Amino acid sequence: MVTESYVDGYEKLKQFIENFKDNKKNLYILFTGKKDEAGVSWCSDCNDAAPVIKQAVEKFAPQNATIVYCDAGDRPYWKDPQNPFRHDGTLGKIQVIPTFIRYGQPQRLDGSDQCGKLELLEMFFETDDD
């Protein structure tokens, strides 16, 4: 069964990763702009990619996957060049949102032009176990 979690911000994501007990090889993290009360992000690219990502998670994510949806901040926070997401090598130095990574593995999709394509998401979720 795919497990989905939501975290708000860098520190909470780092804490989640530190406390994650399952195989980190199966940990996927989607970085998006912070959402309002209605679940809409300030980032239009994130909103555009969201339904395709949702469909891909339902169709292609491995059953032992954990998907973490991480709000990477409001617009001013995200645009700040000192934003910690941009400098953390363990996360792959996130430079655009949405970005979808497989933690500690090479799989990565950057921007809505990649995260919004079902065929790329299908390949993204392919595992060594396939």
# chains A, B, ... in the order shown; residues from 1 in each chain; ligands from 1
$ residues_around --residues "Asp36 (chain A)" --least-positions-apart "2" --cutoff "12 Å" --atoms "only C-alpha atoms" --output "list in words"
Asp8, Gly33, Lys34, Ala38, Gly39, Val40, Ser41, Trp42, Cys43, Asn47, Asp71, Gly73, Asp74 and Arg75 of chain A
$ write_last_selection --atoms "all heavy atoms" --output "CSV table (one decimal), in the first residue's frame"
chain,number,residue,atom,x,y,z
A,8,ASP,N,5.1,20.5,6.1
A,8,ASP,CA,5.1,21.9,5.8
A,8,ASP,C,6.5,22.5,6.2
A,8,ASP,O,6.8,22.7,7.4
A,8,ASP,CB,4.0,22.6,6.6
A,8,ASP,CG,3.9,24.1,6.3
A,8,ASP,OD1,4.6,24.6,5.4
A,8,ASP,OD2,3.1,24.8,7.0
A,33,GLY,N,4.8,24.6,-4.0
A,33,GLY,CA,4.6,25.9,-3.3
A,33,GLY,C,3.5,25.7,-2.2
A,33,GLY,O,2.6,24.8,-2.3
A,34,LYS,N,3.6,26.4,-1.1
A,34,LYS,CA,2.7,26.4,0.0
A,34,LYS,C,1.2,26.6,-0.6
A,34,LYS,O,1.0,27.4,-1.5
A,34,LYS,CB,3.0,27.4,1.0
A,34,LYS,CG,2.1,27.3,2.3
A,34,LYS,CD,2.8,28.1,3.4
A,34,LYS,CE,2.0,27.9,4.7
A,34,LYS,NZ,2.2,26.6,5.3
A,38,ALA,N,-7.8,26.3,0.7
A,38,ALA,CA,-8.5,25.5,-0.3
A,38,ALA,C,-7.7,24.5,-1.0
A,38,ALA,O,-8.1,23.7,-1.9
A,38,ALA,CB,-9.1,26.4,-1.3
A,39,GLY,N,-6.4,24.4,-0.6
A,39,GLY,CA,-5.5,23.4,-1.2
A,39,GLY,C,-4.9,23.9,-2.5
A,39,GLY,O,-4.3,23.0,-3.2
A,40,VAL,N,-4.9,25.2,-2.8
A,40,VAL,CA,-4.4,25.7,-4.0
A,40,VAL,C,-3.1,26.4,-3.7
A,40,VAL,O,-3.0,27.2,-2.8
A,40,VAL,CB,-5.4,26.7,-4.6
A,40,VAL,CG1,-4.8,27.3,-5.9
A,40,VAL,CG2,-6.7,26.0,-4.9
A,41,SER,N,-2.0,26.0,-4.5
A,41,SER,CA,-0.7,26.6,-4.3
A,41,SER,C,-0.6,28.0,-5.0
A,41,SER,O,-1.3,28.2,-6.0
A,41,SER,CB,0.3,25.7,-4.9
A,41,SER,OG,1.6,26.3,-4.8
A,42,TRP,N,0.3,28.8,-4.5
A,42,TRP,CA,0.6,30.1,-5.1
A,42,TRP,C,1.3,29.8,-6.4
A,42,TRP,O,1.4,30.7,-7.3
A,42,TRP,CB,1.4,31.0,-4.2
A,42,TRP,CG,2.7,30.4,-3.9
A,42,TRP,CD1,3.0,29.7,-2.7
A,42,TRP,CD2,3.9,30.4,-4.6
A,42,TRP,NE1,4.4,29.3,-2.7
A,42,TRP,CE2,4.9,29.7,-3.9
A,42,TRP,CE3,4.3,30.9,-5.9
A,42,TRP,CZ2,6.2,29.5,-4.4
A,42,TRP,CZ3,5.6,30.7,-6.4
A,42,TRP,CH2,6.5,30.0,-5.6
A,43,CYS,N,1.9,28.6,-6.6
A,43,CYS,CA,2.7,28.2,-7.7
A,43,CYS,C,1.8,27.6,-8.8
A,43,CYS,O,1.3,26.5,-8.6
A,43,CYS,CB,3.8,27.2,-7.3
A,43,CYS,SG,4.7,26.5,-8.7
A,47,ASN,N,0.1,23.7,-9.4
A,47,ASN,CA,-1.3,23.4,-9.6
A,47,ASN,C,-1.5,22.7,-10.9
A,47,ASN,O,-2.4,21.8,-11.0
A,47,ASN,CB,-2.1,24.7,-9.6
A,47,ASN,CG,-2.1,25.3,-8.2
A,47,ASN,OD1,-2.0,24.7,-7.2
A,47,ASN,ND2,-2.1,26.7,-8.2
A,71,ASP,N,5.4,21.2,1.3
A,71,ASP,CA,5.2,22.6,1.0
A,71,ASP,C,6.6,23.3,1.2
A,71,ASP,O,7.1,23.3,2.3
A,71,ASP,CB,4.2,23.2,1.9
A,71,ASP,CG,2.8,22.9,1.4
A,71,ASP,OD1,2.6,22.4,0.3
A,71,ASP,OD2,1.8,23.2,2.2
A,73,GLY,N,7.2,26.4,1.0
A,73,GLY,CA,7.1,27.8,1.4
A,73,GLY,C,6.2,28.7,0.6
A,73,GLY,O,5.9,28.3,-0.6
A,74,ASP,N,5.9,29.8,1.1
A,74,ASP,CA,5.2,30.8,0.3
A,74,ASP,C,6.1,31.4,-0.8
A,74,ASP,O,7.4,31.1,-0.8
A,74,ASP,CB,4.6,31.9,1.2
A,74,ASP,CG,5.6,32.7,2.0
A,74,ASP,OD1,6.8,32.6,1.7
A,74,ASP,OD2,5.1,33.4,2.9
A,75,ARG,N,5.6,32.2,-1.6
A,75,ARG,CA,6.4,32.8,-2.7
A,75,ARG,C,7.7,33.5,-2.3
A,75,ARG,O,8.8,33.2,-2.8
A,75,ARG,CB,5.5,33.6,-3.6
A,75,ARG,CG,6.2,34.1,-4.9
A,75,ARG,CD,5.3,35.0,-5.8
A,75,ARG,NE,6.0,35.5,-6.9
A,75,ARG,CZ,6.2,34.9,-8.0
A,75,ARG,NH1,5.7,33.7,-8.2
A,75,ARG,NH2,6.9,35.4,-9.0
$ closest_atom_pairs --of "region 38-107 of chain A" --to "region 15-20 of chain A" --cutoff "10 Å" --atoms "only C-alpha atoms" --output "tab-separated table"
residue	atom	partner	partner_atom	distance
A:Thr66	CA	A:Phe20	CA	9.7
A:Val68	CA	A:Phe16	CA	9.0
A:Tyr103	CA	A:Ile17	CA	9.2
$ select_by_dssp --residues "region 29-106 of chain A" --states "strand (DSSP E)" --output "VMD selection string"
chain A and resid 29 to 32 66 to 71 99 to 102
$ closest_residue --among "A:Asp88, A:Ile101, A:Phe125, A:Phe31" --to "Asp45 (chain A)" --atoms "only C-alpha atoms"
A:Phe31
$ residues_around --residues "Tyr69 (chain A)" --least-positions-apart "6" --cutoff "10 Å" --atoms "only C-alpha atoms" --output "ChimeraX atom specification"
/A:4-8,13,28-32,100
$ closest_residue --among "A:Gln63, A:Asn83, A:Asn26, A:Thr99" --to "Asp113 (chain A)" --atoms "only C-alpha atoms"
A:Thr99
$ residues_around --residues "region 53-60 of chain A" --least-positions-apart "2" --cutoff "7 Å" --atoms "only C-alpha atoms" --output "PyMOL selection string"
chain A and resi 49-51+62+115-116+118+121-122+125
$ select_by_dssp --residues "region 36-110 of chain A" --states "helix (DSSP H, G or I)" --output "ChimeraX atom specification"
/A:44-60,75-79,84-86,89-91
$ closest_residue --among "A:Leu27, A:Tyr77, A:Gly9, A:Gly104" --to "Gly89 (chain A)" --atoms "only C-alpha atoms"
A:Gly104
$ atom_distance --atom1 "CA of Glu37 (chain A)" --atom2 "CA of His87 (chain A)"
28.6 Å
$ closest_residue --among "A:Cys70, A:Leu109, A:Ala61, A:Val52" --to "Lys12 (chain A)" --atoms "only C-alpha atoms"
A:Cys70
